[in-house]
There are 2 protein chains.
Amino acid sequence: VDWLECVPNVSEGRRLDAVARLVAAAVSAPGVRLLDVSSDPDHNRSVLTLAGDAEALHRSLLALYGAALAEIDLTRHQGVHPRVGAVDVVPFVPLGDTPMAAAVAAAERLAREVAERFALPVYLYEQAARRPERRLLADIRRGGFEGLAARIAEPAWSPDFGPARVHPGAGATVIGARFFLIAFNAVLDTPDVAVARAVARRVRESGGGLPAVRALGVYLASRDRAQVSMNLVDFRRTPLLAALDRVRSEAEALGARVVETEVIGLVPEEAAFGVVRDALQLPGFGAGRVLEGALLR
Amino acid sequence: VDWLECVPNVSEGRRLDAVARLVAAAVSAPGVRLLDVSSDPDHNRSVLTLAGDAEALHRSLLALYGAALAEIDLTRHQGVHPRVGAVDVVPFVPLGDTPMAAAVAAAERLAREVAERFALPVYLYEQAARRPERRLLADIRRGGFEGLAARIAEPAWSPDFGPARVHPGAGATVIGARFFLIAFNAVLDTPDVAVARAVARRVRESGGGLPAVRALGVYLASRDRAQVSMNLVDFRRTPLLAALDRVRSEAEALGARVVETEVIGLVPEEAAFGVVRDALQLPGFGAGRVLEGALLR
């Protein structure tokens, strides 16, 4: 059996009762395992981490879409994170020896069925993208729900599945397959979102910063702090500590400091042990040097 | 069944064929698991990490003592690490929910039998110590083999088991029970052992430095570097990164830098995740945020 991870991002992070119903729907499918739920009130977004075989995840996601369409009205949704849908983005990630092709197949199957069953426009992204300009999530999501609604009728932005108009309450949805990604946010000691945006521009790959890093600056009203919100799309190329060190130095150049960081969802063990190697100048540290790991082998 | 870890330190780290025979003897006991072997040529010392129940470890250690007496002649042993025996020190450590009393009982049983079978003087230390002045390993080991040989006939230093004279080729041995300890060494960019000694004096608890840290400075001829060799006896009181940061700043004050670190034996997962928390300013990071850990739960 090919094991996959699936990390649906839904546009609700404030009404925790609604989040609970979404999670309950996702775990109603037999064989699916819930590894994590991270909700953020400022992003107004929740990230579920699920694992299972393709069939279990397919059923889980269909139930989640059904619940999200009932719970979320995107026209009333406010949050600092860009989004185009009630179920905004659904990446499938191969676990262990599972080939990427299995994740792509799971994405395509879900895309087809979601479009049909819920009359939702669906875009395929990353490894599942059918057009090169849809590979990057940021390009599909440019301008958010409102931006996509304005251009969806253009032939260039015709969805891969489903109608060429946004769903009135649920918008659109982006489904795909990708390698493991770490969602890593650094909270600054300033409320000035312009500082976070400037730091993000200098840190991210598209601005000539660090490889395999995506970043944006947002304001967290609940904490009155600015935040640099990052995706590390290949933690072997830019590890966690290297990304943070760059954020620290760019922030310092603008008179700000990092007060704490957060990880949304889960981190592969290897990325965590990489932090130990880098922070302690301890070459070769890994699972084999950890007592619990050695006991399990 | 009470699971224990046992971490015998033997006075051979250069002749790797001899080390292999010692390890083979240790793993000849049914039910014992070998988790790690770390050998260092400058310390001329090897550290085995074994796990099992008390009976398996008892048989394993008796076999190891037998092999060490055949392989090691302490009168010809040279190394920068203090030692009093061919099998220098044998701590038992409770794993999981095992009570410390089980580790103490294992130490006492082994001490009695080793003394009888091999005519070795045995000292009990740490949680198994019978006299307060024998609690600290450093006090028993003061002056090394030669120092102990000179005072073993004094009533105050009469061994807990065995004859009041050192064994001609194997010296004495120190057996005990303790909590988990991290052996953590920082290599400096200088060959000047005086710098490493000065740093060690300022870092260790007995010099007014960090709590639960023991440290000494040694010279590594094989690398022409000085090293601060530390034992962190309670990584919750002084975590790995805090110890290293102190070594870094004390070394810098003397014009030296840390070029790399090493861990001898294994590190509890919680100590590794603590480095991630500290280095990334990431509160709450732990096994629950790690993909592999979440999959295993």
# chains A, B, ... in the order shown; residues from 1 in each chain; ligands from 1

$ closest_atom_pairs --of "chain A" --to "chain B" --cutoff "10 Å" --atoms "only C-alpha atoms" --output "CSV"
residue,atom,partner,partner_atom,distance
A:Glu5,CA,B:Leu291,CA,9.8
A:Arg33,CA,B:Leu295,CA,8.4
A:Leu34,CA,B:Ala294,CA,8.9
A:Leu35,CA,B:Ala294,CA,5.7
A:Asp36,CA,B:Arg289,CA,8.0
A:Thr49,CA,B:Leu291,CA,9.4
A:Leu50,CA,B:Leu295,CA,9.7
A:Ala51,CA,B:Leu295,CA,8.0
A:Gly52,CA,B:Leu295,CA,10.0
A:Leu95,CA,B:Leu291,CA,9.9
A:Gly96,CA,B:Glu292,CA,9.9
A:Phe184,CA,B:Leu282,CA,9.9
A:Asn185,CA,B:Leu282,CA,9.7
A:Ala186,CA,B:Gln281,CA,9.0
A:Val187,CA,B:Gln281,CA,10.0
A:Leu240,CA,B:Leu280,CA,7.9
A:Leu241,CA,B:Leu280,CA,6.6
A:Ala243,CA,B:Leu280,CA,9.9
A:Leu244,CA,B:Leu280,CA,7.1
A:Asp245,CA,B:Leu280,CA,9.0
A:Val258,CA,B:Gln281,CA,8.4
A:Val259,CA,B:Gln281,CA,7.3
A:Glu260,CA,B:Gln281,CA,4.9
A:Thr261,CA,B:Leu282,CA,5.0
A:Glu262,CA,B:Leu282,CA,5.7
A:Val263,CA,B:Leu282,CA,7.8
A:Ile264,CA,B:Arg289,CA,8.9
A:Gly265,CA,B:Arg289,CA,7.1
A:Leu266,CA,B:Arg289,CA,5.0
A:Val267,CA,B:Val290,CA,4.9
A:Pro268,CA,B:Leu291,CA,5.0
A:Glu269,CA,B:Val290,CA,5.6
A:Glu270,CA,B:Val290,CA,9.2
A:Ala271,CA,B:Val290,CA,9.1
A:Ala272,CA,B:Val276,CA,6.5
A:Phe273,CA,B:Ala272,CA,7.2
A:Gly274,CA,B:Val276,CA,9.0
A:Val275,CA,B:Val276,CA,5.9
A:Val276,CA,B:Val275,CA,5.9
A:Arg277,CA,B:Thr261,CA,9.3
A:Asp278,CA,B:Ala279,CA,9.2
A:Ala279,CA,B:Ala279,CA,6.3
A:Leu280,CA,B:Leu241,CA,6.6
A:Gln281,CA,B:Glu260,CA,4.9
A:Leu282,CA,B:Thr261,CA,5.0
A:Pro283,CA,B:Glu260,CA,7.6
A:Gly284,CA,B:Glu262,CA,9.0
A:Phe285,CA,B:Val263,CA,8.4
A:Gly286,CA,B:Ala272,CA,9.5
A:Ala287,CA,B:Glu269,CA,8.9
A:Gly288,CA,B:Leu266,CA,8.2
A:Arg289,CA,B:Leu266,CA,4.9
A:Val290,CA,B:Val267,CA,4.9
A:Leu291,CA,B:Pro268,CA,5.0
A:Glu292,CA,B:Glu269,CA,6.3
A:Gly293,CA,B:Glu269,CA,8.0
A:Ala294,CA,B:Leu35,CA,5.7
A:Leu295,CA,B:Leu35,CA,6.9
A:Leu296,CA,B:Leu35,CA,9.9
A:Arg297,CA,B:Leu35,CA,8.9

$ residues_around --residues "Leu254 in chain A" --least-positions-apart "4" --cutoff "10 Å" --atoms "only C-alpha atoms" --output "MDAnalysis selection string"
chainID A and resid 195:196 198:199 248:250

$ write_last_selection --atoms "all heavy atoms" --output "compact mmCIF listing (two decimals), in the first residue's frame"
# COMPACT_ATOMS: atom_id res chain seq x y z
N VAL A 195 7.61 46.14 7.90
CA VAL A 195 8.89 45.50 8.24
C VAL A 195 8.85 44.02 7.86
O VAL A 195 9.77 43.50 7.23
CB VAL A 195 9.21 45.68 9.74
CG1 VAL A 195 10.45 44.87 10.13
CG2 VAL A 195 9.42 47.16 10.07
N ALA A 196 7.76 43.35 8.24
CA ALA A 196 7.65 41.92 7.92
C ALA A 196 7.64 41.69 6.41
O ALA A 196 8.25 40.74 5.91
CB ALA A 196 6.37 41.34 8.55
N ALA A 198 9.06 43.63 4.14
CA ALA A 198 10.41 43.88 3.62
C ALA A 198 11.33 42.70 3.93
O ALA A 198 12.13 42.27 3.08
CB ALA A 198 10.97 45.17 4.23
N VAL A 199 11.22 42.17 5.13
CA VAL A 199 12.02 40.99 5.48
C VAL A 199 11.67 39.83 4.55
O VAL A 199 12.55 39.15 4.00
CB VAL A 199 11.82 40.60 6.96
CG1 VAL A 199 12.47 39.26 7.26
CG2 VAL A 199 12.36 41.69 7.89
N ARG A 248 16.35 36.77 11.05
CA ARG A 248 16.89 37.56 12.17
C ARG A 248 17.76 38.70 11.67
O ARG A 248 17.63 39.83 12.13
CB ARG A 248 17.72 36.65 13.08
CG ARG A 248 16.90 35.76 14.00
CD ARG A 248 17.82 34.78 14.74
NE ARG A 248 17.09 34.01 15.74
CZ ARG A 248 17.42 32.79 16.14
NH1 ARG A 248 18.49 32.19 15.62
NH2 ARG A 248 16.71 32.16 17.04
N SER A 249 18.65 38.39 10.72
CA SER A 249 19.59 39.45 10.31
C SER A 249 18.87 40.51 9.47
O SER A 249 19.13 41.70 9.64
CB SER A 249 20.80 38.86 9.59
OG SER A 249 20.41 38.24 8.40
N GLU A 250 17.93 40.12 8.61
CA GLU A 250 17.19 41.11 7.83
C GLU A 250 16.31 41.97 8.74
O GLU A 250 16.16 43.17 8.53
CB GLU A 250 16.34 40.44 6.75
CG GLU A 250 17.12 39.66 5.69
CD GLU A 250 17.98 40.55 4.79
OE1 GLU A 250 17.91 41.78 4.90
OE2 GLU A 250 18.76 39.98 3.99

$ select_by_dssp --residues "range 142-212 of chain B" --states "strand (DSSP E)" --output "list in words"
Thr173, Val174, Ile175, Gly176, Ala177, Ile182, Ala183, Phe184, Asn185, Ala186, Val187 and Leu188 of chain B

$ write_last_selection --atoms "N, CA, C and O atoms" --output "compact mmCIF listing (two decimals), in the first residue's frame"
# COMPACT_ATOMS: atom_id res chain seq x y z
N THR B 173 37.20 -0.83 39.63
CA THR B 173 36.06 -0.51 38.77
C THR B 173 35.01 0.22 39.59
O THR B 173 34.92 0.02 40.81
N VAL B 174 34.28 1.08 38.94
CA VAL B 174 33.26 1.89 39.60
C VAL B 174 31.90 1.56 38.98
O VAL B 174 31.73 1.66 37.76
N ILE B 175 30.99 1.10 39.80
CA ILE B 175 29.68 0.67 39.32
C ILE B 175 28.62 1.49 40.02
O ILE B 175 28.76 1.81 41.21
N GLY B 176 27.57 1.86 39.31
CA GLY B 176 26.55 2.66 39.98
C GLY B 176 25.26 2.76 39.21
O GLY B 176 25.03 2.05 38.22
N ALA B 177 24.42 3.66 39.70
CA ALA B 177 23.12 3.92 39.10
C ALA B 177 22.95 5.42 39.04
O ALA B 177 23.31 6.13 39.97
N ILE B 182 24.37 13.19 29.42
CA ILE B 182 24.81 13.43 28.04
C ILE B 182 26.29 13.77 28.06
O ILE B 182 26.70 14.72 28.74
N ALA B 183 27.08 12.96 27.37
CA ALA B 183 28.52 13.22 27.24
C ALA B 183 28.70 14.07 25.99
O ALA B 183 28.44 13.63 24.87
N PHE B 184 29.10 15.32 26.19
CA PHE B 184 29.05 16.35 25.15
C PHE B 184 30.39 17.07 25.12
O PHE B 184 30.78 17.71 26.11
N ASN B 185 31.11 16.96 24.02
CA ASN B 185 32.46 17.53 23.93
C ASN B 185 32.50 18.64 22.89
O ASN B 185 31.92 18.51 21.82
N ALA B 186 33.21 19.71 23.21
CA ALA B 186 33.38 20.81 22.26
C ALA B 186 34.87 20.92 21.91
O ALA B 186 35.72 21.06 22.79
N VAL B 187 35.15 20.83 20.60
CA VAL B 187 36.53 20.90 20.11
C VAL B 187 36.85 22.36 19.79
O VAL B 187 36.08 23.03 19.10
N LEU B 188 37.98 22.84 20.30
CA LEU B 188 38.38 24.24 20.09
C LEU B 188 39.32 24.37 18.90
O LEU B 188 39.92 23.38 18.45

$ residues_around --residues "Ala119 in chain A" --least-positions-apart "6" --cutoff "8 Å" --atoms "only C-alpha atoms" --output "count of residues only"
3

$ residues_around --residues "Arg246 in chain A" --least-positions-apart "6" --cutoff "9 Å" --atoms "only C-alpha atoms" --output "ChimeraX atom specification"
/A:199,202-203,209-210

$ write_last_selection --atoms "N, CA, C and O atoms" --output "JSON list (two decimals), in the first residue's frame"
[["chain", "number", "residue", "atom", "x", "y", "z"],
["A", 199, "VAL", "N", 11.22, 42.17, 5.13],
["A", 199, "VAL", "CA", 12.02, 40.99, 5.48],
["A", 199, "VAL", "C", 11.67, 39.83, 4.55],
["A", 199, "VAL", "O", 12.55, 39.15, 4.00],
["A", 202, "ARG", "N", 13.20, 39.98, 1.16],
["A", 202, "ARG", "CA", 14.65, 39.73, 1.10],
["A", 202, "ARG", "C", 15.01, 38.27, 1.40],
["A", 202, "ARG", "O", 16.10, 37.82, 1.06],
["A", 203, "VAL", "N", 14.12, 37.59, 2.07],
["A", 203, "VAL", "CA", 14.41, 36.21, 2.48],
["A", 203, "VAL", "C", 14.00, 35.21, 1.40],
["A", 203, "VAL", "O", 14.64, 34.19, 1.19],
["A", 209, "GLY", "N", 16.62, 35.81, -2.41],
["A", 209, "GLY", "CA", 17.02, 35.40, -1.07],
["A", 209, "GLY", "C", 17.48, 33.95, -1.02],
["A", 209, "GLY", "O", 18.33, 33.53, -1.80],
["A", 210, "LEU", "N", 16.86, 33.18, -0.15],
["A", 210, "LEU", "CA", 17.30, 31.80, 0.08],
["A", 210, "LEU", "C", 16.58, 30.82, -0.84],
["A", 210, "LEU", "O", 15.37, 30.96, -1.07]]

$ atom_distance --atom1 "CA of Ser60 in chain B" --atom2 "CA of Leu4 in chain B"
12.6 Å

$ closest_residue --among "A:Leu181, A:Val193, A:Ala115, A:Gly255" --to "Pro159 in chain A" --atoms "only C-alpha atoms"
A:Ala115

$ residues_around --residues "Leu48 in chain B" --least-positions-apart "6" --cutoff "7 Å" --atoms "only C-alpha atoms" --output "VMD selection string"
chain B and resid 7 to 9 36 to 38

$ write_last_selection --atoms "N, CA, C and O atoms" --output "PDB file, in the first residue's frame"
ATOM      1  N   VAL B   7      25.793   1.701  30.456  1.00  0.00           N
ATOM      2  CA  VAL B   7      26.742   2.424  29.602  1.00  0.00           C
ATOM      3  C   VAL B   7      28.175   2.191  30.080  1.00  0.00           C
ATOM      4  O   VAL B   7      28.821   3.084  30.628  1.00  0.00           O
ATOM      5  N   PRO B   8      28.692   0.959  29.892  1.00  0.00           N
ATOM      6  CA  PRO B   8      30.061   0.694  30.346  1.00  0.00           C
ATOM      7  C   PRO B   8      31.085   1.504  29.561  1.00  0.00           C
ATOM      8  O   PRO B   8      31.004   1.602  28.336  1.00  0.00           O
ATOM      9  N   ASN B   9      32.031   2.087  30.294  1.00  0.00           N
ATOM     10  CA  ASN B   9      33.157   2.818  29.712  1.00  0.00           C
ATOM     11  C   ASN B   9      34.396   1.954  29.898  1.00  0.00           C
ATOM     12  O   ASN B   9      34.795   1.685  31.043  1.00  0.00           O
ATOM     13  N   ASP B  36      24.768   1.488  20.825  1.00  0.00           N
ATOM     14  CA  ASP B  36      25.811   2.372  20.294  1.00  0.00           C
ATOM     15  C   ASP B  36      27.169   1.950  20.835  1.00  0.00           C
ATOM     16  O   ASP B  36      27.279   1.434  21.941  1.00  0.00           O
ATOM     17  N   VAL B  37      28.190   2.191  20.013  1.00  0.00           N
ATOM     18  CA  VAL B  37      29.582   2.084  20.464  1.00  0.00           C
ATOM     19  C   VAL B  37      30.292   3.343  19.991  1.00  0.00           C
ATOM     20  O   VAL B  37      30.241   3.674  18.806  1.00  0.00           O
ATOM     21  N   SER B  38      30.907   4.083  20.906  1.00  0.00           N
ATOM     22  CA  SER B  38      31.702   5.259  20.538  1.00  0.00           C
ATOM     23  C   SER B  38      33.117   5.059  21.068  1.00  0.00           C
ATOM     24  O   SER B  38      33.314   4.892  22.268  1.00  0.00           O
TER      25      SER B  38
END

$ atom_distance --atom1 "CA of Arg237 in chain A" --atom2 "CA of Tyr219 in chain A"
27.9 Å

$ select_by_dssp --residues "range 22-261 of chain B" --states "alpha helix (DSSP H)" --output "CSV table (one decimal) with N, CA and C atoms, in the first residue's frame"
chain,number,residue,atom,x,y,z
B,22,LEU,N,35.6,-6.9,22.8
B,22,LEU,CA,34.8,-6.5,24.0
B,22,LEU,C,33.3,-6.4,23.7
B,23,VAL,N,33.0,-5.8,22.6
B,23,VAL,CA,31.6,-5.6,22.2
B,23,VAL,C,31.0,-7.0,22.0
B,24,ALA,N,31.7,-7.9,21.3
B,24,ALA,CA,31.2,-9.2,21.0
B,24,ALA,C,30.9,-9.9,22.3
B,25,ALA,N,31.7,-9.8,23.3
B,25,ALA,CA,31.5,-10.4,24.6
B,25,ALA,C,30.2,-9.8,25.2
B,26,ALA,N,30.1,-8.5,25.2
B,26,ALA,CA,28.9,-7.9,25.8
B,26,ALA,C,27.6,-8.3,25.2
B,54,ALA,N,17.4,-6.5,33.7
B,54,ALA,CA,18.5,-6.6,34.7
B,54,ALA,C,19.3,-7.9,34.5
B,55,GLU,N,18.6,-9.0,34.2
B,55,GLU,CA,19.3,-10.3,34.1
B,55,GLU,C,20.1,-10.3,32.8
B,56,ALA,N,19.6,-9.8,31.7
B,56,ALA,CA,20.4,-9.8,30.4
B,56,ALA,C,21.6,-8.9,30.6
B,57,LEU,N,21.4,-7.7,31.2
B,57,LEU,CA,22.6,-6.8,31.4
B,57,LEU,C,23.6,-7.4,32.4
B,58,HIS,N,23.2,-8.1,33.4
B,58,HIS,CA,24.1,-8.7,34.3
B,58,HIS,C,25.0,-9.7,33.6
B,59,ARG,N,24.4,-10.6,32.8
B,59,ARG,CA,25.2,-11.5,32.1
B,59,ARG,C,26.1,-10.8,31.1
B,60,SER,N,25.6,-9.8,30.4
B,60,SER,CA,26.4,-9.1,29.4
B,60,SER,C,27.6,-8.4,30.1
B,61,LEU,N,27.4,-7.8,31.2
B,61,LEU,CA,28.5,-7.1,31.9
B,61,LEU,C,29.6,-8.1,32.4
B,62,LEU,N,29.1,-9.2,32.9
B,62,LEU,CA,30.1,-10.2,33.4
B,62,LEU,C,31.0,-10.7,32.2
B,63,ALA,N,30.4,-10.9,31.1
B,63,ALA,CA,31.1,-11.3,29.9
B,63,ALA,C,32.1,-10.2,29.5
B,64,LEU,N,31.6,-8.9,29.6
B,64,LEU,CA,32.5,-7.8,29.2
B,64,LEU,C,33.6,-7.7,30.2
B,65,TYR,N,33.4,-7.8,31.5
B,65,TYR,CA,34.5,-7.8,32.4
B,65,TYR,C,35.6,-8.8,32.1
B,66,GLY,N,35.1,-10.0,31.8
B,66,GLY,CA,36.0,-11.1,31.5
B,66,GLY,C,36.9,-10.8,30.3
B,67,ALA,N,36.2,-10.3,29.3
B,67,ALA,CA,37.0,-9.9,28.0
B,67,ALA,C,37.9,-8.8,28.3
B,68,ALA,N,37.5,-7.8,29.1
B,68,ALA,CA,38.3,-6.6,29.3
B,68,ALA,C,39.6,-7.0,30.1
B,69,LEU,N,39.4,-7.9,31.1
B,69,LEU,CA,40.6,-8.4,31.8
B,69,LEU,C,41.6,-9.1,30.9
B,70,ALA,N,41.1,-9.8,29.9
B,70,ALA,CA,42.0,-10.4,29.0
B,70,ALA,C,42.6,-9.5,28.0
B,71,GLU,N,41.9,-8.4,27.6
B,71,GLU,CA,42.4,-7.6,26.5
B,71,GLU,C,43.2,-6.3,27.0
B,100,MET,N,14.4,4.0,39.9
B,100,MET,CA,15.9,4.1,40.1
B,100,MET,C,16.3,2.9,41.0
B,101,ALA,N,15.4,2.4,41.9
B,101,ALA,CA,15.8,1.3,42.8
B,101,ALA,C,16.2,0.1,41.9
B,102,ALA,N,15.6,-0.1,40.8
B,102,ALA,CA,15.9,-1.3,39.9
B,102,ALA,C,17.4,-1.1,39.4
B,103,ALA,N,17.7,0.1,39.1
B,103,ALA,CA,19.1,0.4,38.6
B,103,ALA,C,20.1,0.2,39.7
B,104,VAL,N,19.7,0.6,40.9
B,104,VAL,CA,20.6,0.5,42.1
B,104,VAL,C,20.8,-1.0,42.4
B,105,ALA,N,19.7,-1.8,42.3
B,105,ALA,CA,19.8,-3.2,42.6
B,105,ALA,C,20.7,-3.9,41.6
B,106,ALA,N,20.6,-3.5,40.3
B,106,ALA,CA,21.4,-4.1,39.3
B,106,ALA,C,22.9,-3.8,39.5
B,107,ALA,N,23.2,-2.6,40.0
B,107,ALA,CA,24.5,-2.2,40.3
B,107,ALA,C,25.1,-3.0,41.4
B,108,GLU,N,24.3,-3.1,42.5
B,108,GLU,CA,24.8,-3.9,43.7
B,108,GLU,C,25.1,-5.3,43.3
B,109,ARG,N,24.2,-5.9,42.6
B,109,ARG,CA,24.3,-7.3,42.2
B,109,ARG,C,25.6,-7.5,41.4
B,110,LEU,N,25.8,-6.6,40.4
B,110,LEU,CA,27.0,-6.7,39.6
B,110,LEU,C,28.2,-6.5,40.4
B,111,ALA,N,28.2,-5.5,41.3
B,111,ALA,CA,29.4,-5.1,42.1
B,111,ALA,C,29.9,-6.3,42.9
B,112,ARG,N,28.9,-7.0,43.5
B,112,ARG,CA,29.2,-8.1,44.4
B,112,ARG,C,29.9,-9.2,43.5
B,113,GLU,N,29.3,-9.5,42.4
B,113,GLU,CA,29.8,-10.7,41.6
B,113,GLU,C,31.1,-10.4,40.9
B,114,VAL,N,31.3,-9.2,40.4
B,114,VAL,CA,32.5,-8.8,39.8
B,114,VAL,C,33.7,-8.9,40.8
B,115,ALA,N,33.4,-8.4,42.0
B,115,ALA,CA,34.5,-8.4,43.0
B,115,ALA,C,34.9,-9.9,43.3
B,116,GLU,N,33.9,-10.7,43.4
B,116,GLU,CA,34.2,-12.1,43.8
B,116,GLU,C,34.9,-12.9,42.6
B,117,ARG,N,34.3,-12.7,41.4
B,117,ARG,CA,34.7,-13.5,40.3
B,117,ARG,C,36.1,-13.1,39.8
B,118,PHE,N,36.4,-11.8,39.8
B,118,PHE,CA,37.6,-11.3,39.2
B,118,PHE,C,38.6,-10.7,40.2
B,137,LEU,N,31.7,10.6,40.8
B,137,LEU,CA,32.7,9.8,40.1
B,137,LEU,C,34.1,10.5,40.2
B,138,ALA,N,34.1,11.8,40.0
B,138,ALA,CA,35.4,12.5,40.0
B,138,ALA,C,36.1,12.3,41.3
B,139,ASP,N,35.4,12.2,42.4
B,139,ASP,CA,36.1,12.1,43.7
B,139,ASP,C,36.8,10.7,43.8
B,140,ILE,N,36.1,9.7,43.3
B,140,ILE,CA,36.7,8.3,43.4
B,140,ILE,C,37.9,8.2,42.4
B,144,GLY,N,43.4,9.3,39.1
B,144,GLY,CA,43.4,8.2,38.2
B,144,GLY,C,43.8,6.9,38.9
B,145,PHE,N,44.2,5.9,38.1
B,145,PHE,CA,44.6,4.6,38.5
B,145,PHE,C,45.7,4.7,39.6
B,146,GLU,N,46.7,5.6,39.3
B,146,GLU,CA,47.9,5.7,40.1
B,146,GLU,C,47.5,6.3,41.5
B,147,GLY,N,46.6,7.3,41.4
B,147,GLY,CA,46.1,8.0,42.6
B,147,GLY,C,45.3,7.0,43.5
B,148,LEU,N,44.4,6.2,42.9
B,148,LEU,CA,43.6,5.3,43.7
B,148,LEU,C,44.5,4.2,44.3
B,149,ALA,N,45.5,3.7,43.5
B,149,ALA,CA,46.4,2.7,44.0
B,149,ALA,C,47.1,3.2,45.2
B,150,ALA,N,47.4,4.5,45.3
B,150,ALA,CA,48.2,5.0,46.4
B,150,ALA,C,47.3,5.1,47.7
B,151,ARG,N,46.0,5.2,47.5
B,151,ARG,CA,45.2,5.5,48.7
B,151,ARG,C,44.2,4.3,49.1
B,193,VAL,N,45.9,23.3,25.5
B,193,VAL,CA,45.0,22.6,26.5
B,193,VAL,C,44.7,23.5,27.7
B,194,ALA,N,45.6,24.5,27.9
B,194,ALA,CA,45.3,25.5,29.1
B,194,ALA,C,44.1,26.2,28.8
B,195,VAL,N,43.8,26.6,27.6
B,195,VAL,CA,42.5,27.3,27.2
B,195,VAL,C,41.3,26.4,27.5
B,196,ALA,N,41.4,25.1,27.1
B,196,ALA,CA,40.3,24.2,27.3
B,196,ALA,C,40.1,24.0,28.8
B,197,ARG,N,41.2,23.9,29.6
B,197,ARG,CA,41.0,23.8,31.0
B,197,ARG,C,40.4,25.0,31.7
B,198,ALA,N,40.8,26.1,31.2
B,198,ALA,CA,40.2,27.4,31.8
B,198,ALA,C,38.8,27.5,31.5
B,199,VAL,N,38.4,27.1,30.2
B,199,VAL,CA,37.0,27.2,29.8
B,199,VAL,C,36.2,26.2,30.7
B,200,ALA,N,36.7,25.0,30.9
B,200,ALA,CA,36.1,23.9,31.6
B,200,ALA,C,35.8,24.4,33.1
B,201,ARG,N,36.9,25.0,33.7
B,201,ARG,CA,36.7,25.5,35.0
B,201,ARG,C,35.6,26.5,35.2
B,202,ARG,N,35.4,27.3,34.1
B,202,ARG,CA,34.4,28.4,34.2
B,202,ARG,C,33.0,27.9,33.9
B,203,VAL,N,32.9,26.8,33.2
B,203,VAL,CA,31.6,26.3,32.7
B,203,VAL,C,31.0,25.3,33.7
B,240,LEU,N,21.6,21.3,26.2
B,240,LEU,CA,22.8,21.2,25.3
B,240,LEU,C,23.2,22.6,24.8
B,241,LEU,N,22.2,23.4,24.3
B,241,LEU,CA,22.6,24.6,23.6
B,241,LEU,C,23.1,25.7,24.7
B,242,ALA,N,22.5,25.6,25.9
B,242,ALA,CA,23.0,26.5,26.9
B,242,ALA,C,24.4,26.2,27.3
B,243,ALA,N,24.8,24.9,27.4
B,243,ALA,CA,26.1,24.5,27.7
B,243,ALA,C,27.1,25.0,26.6
B,244,LEU,N,26.7,24.8,25.4
B,244,LEU,CA,27.6,25.1,24.3
B,244,LEU,C,27.7,26.7,24.2
B,245,ASP,N,26.6,27.4,24.4
B,245,ASP,CA,26.8,28.9,24.3
B,245,ASP,C,27.7,29.4,25.4
B,246,ARG,N,27.7,28.8,26.6
B,246,ARG,CA,28.6,29.2,27.6
B,246,ARG,C,30.1,28.8,27.2
B,247,VAL,N,30.3,27.7,26.7
B,247,VAL,CA,31.6,27.3,26.2
B,247,VAL,C,32.1,28.3,25.1
B,248,ARG,N,31.2,28.6,24.2
B,248,ARG,CA,31.5,29.5,23.1
B,248,ARG,C,32.0,30.9,23.7
B,249,SER,N,31.2,31.4,24.7
B,249,SER,CA,31.6,32.7,25.1
B,249,SER,C,32.8,32.7,26.0
B,250,GLU,N,33.0,31.7,26.8
B,250,GLU,CA,34.2,31.6,27.6
B,250,GLU,C,35.4,31.4,26.7
B,251,ALA,N,35.3,30.6,25.7
B,251,ALA,CA,36.4,30.4,24.8
B,251,ALA,C,36.7,31.7,24.0
B,252,GLU,N,35.7,32.4,23.6
B,252,GLU,CA,35.9,33.6,22.9
B,252,GLU,C,36.7,34.6,23.7
B,253,ALA,N,36.3,34.7,25.0
B,253,ALA,CA,37.0,35.6,25.9
B,253,ALA,C,38.5,35.3,26.0

$ atom_distance --atom1 "CA of Gly169 in chain A" --atom2 "CA of Ile72 in chain A"
7.2 Å
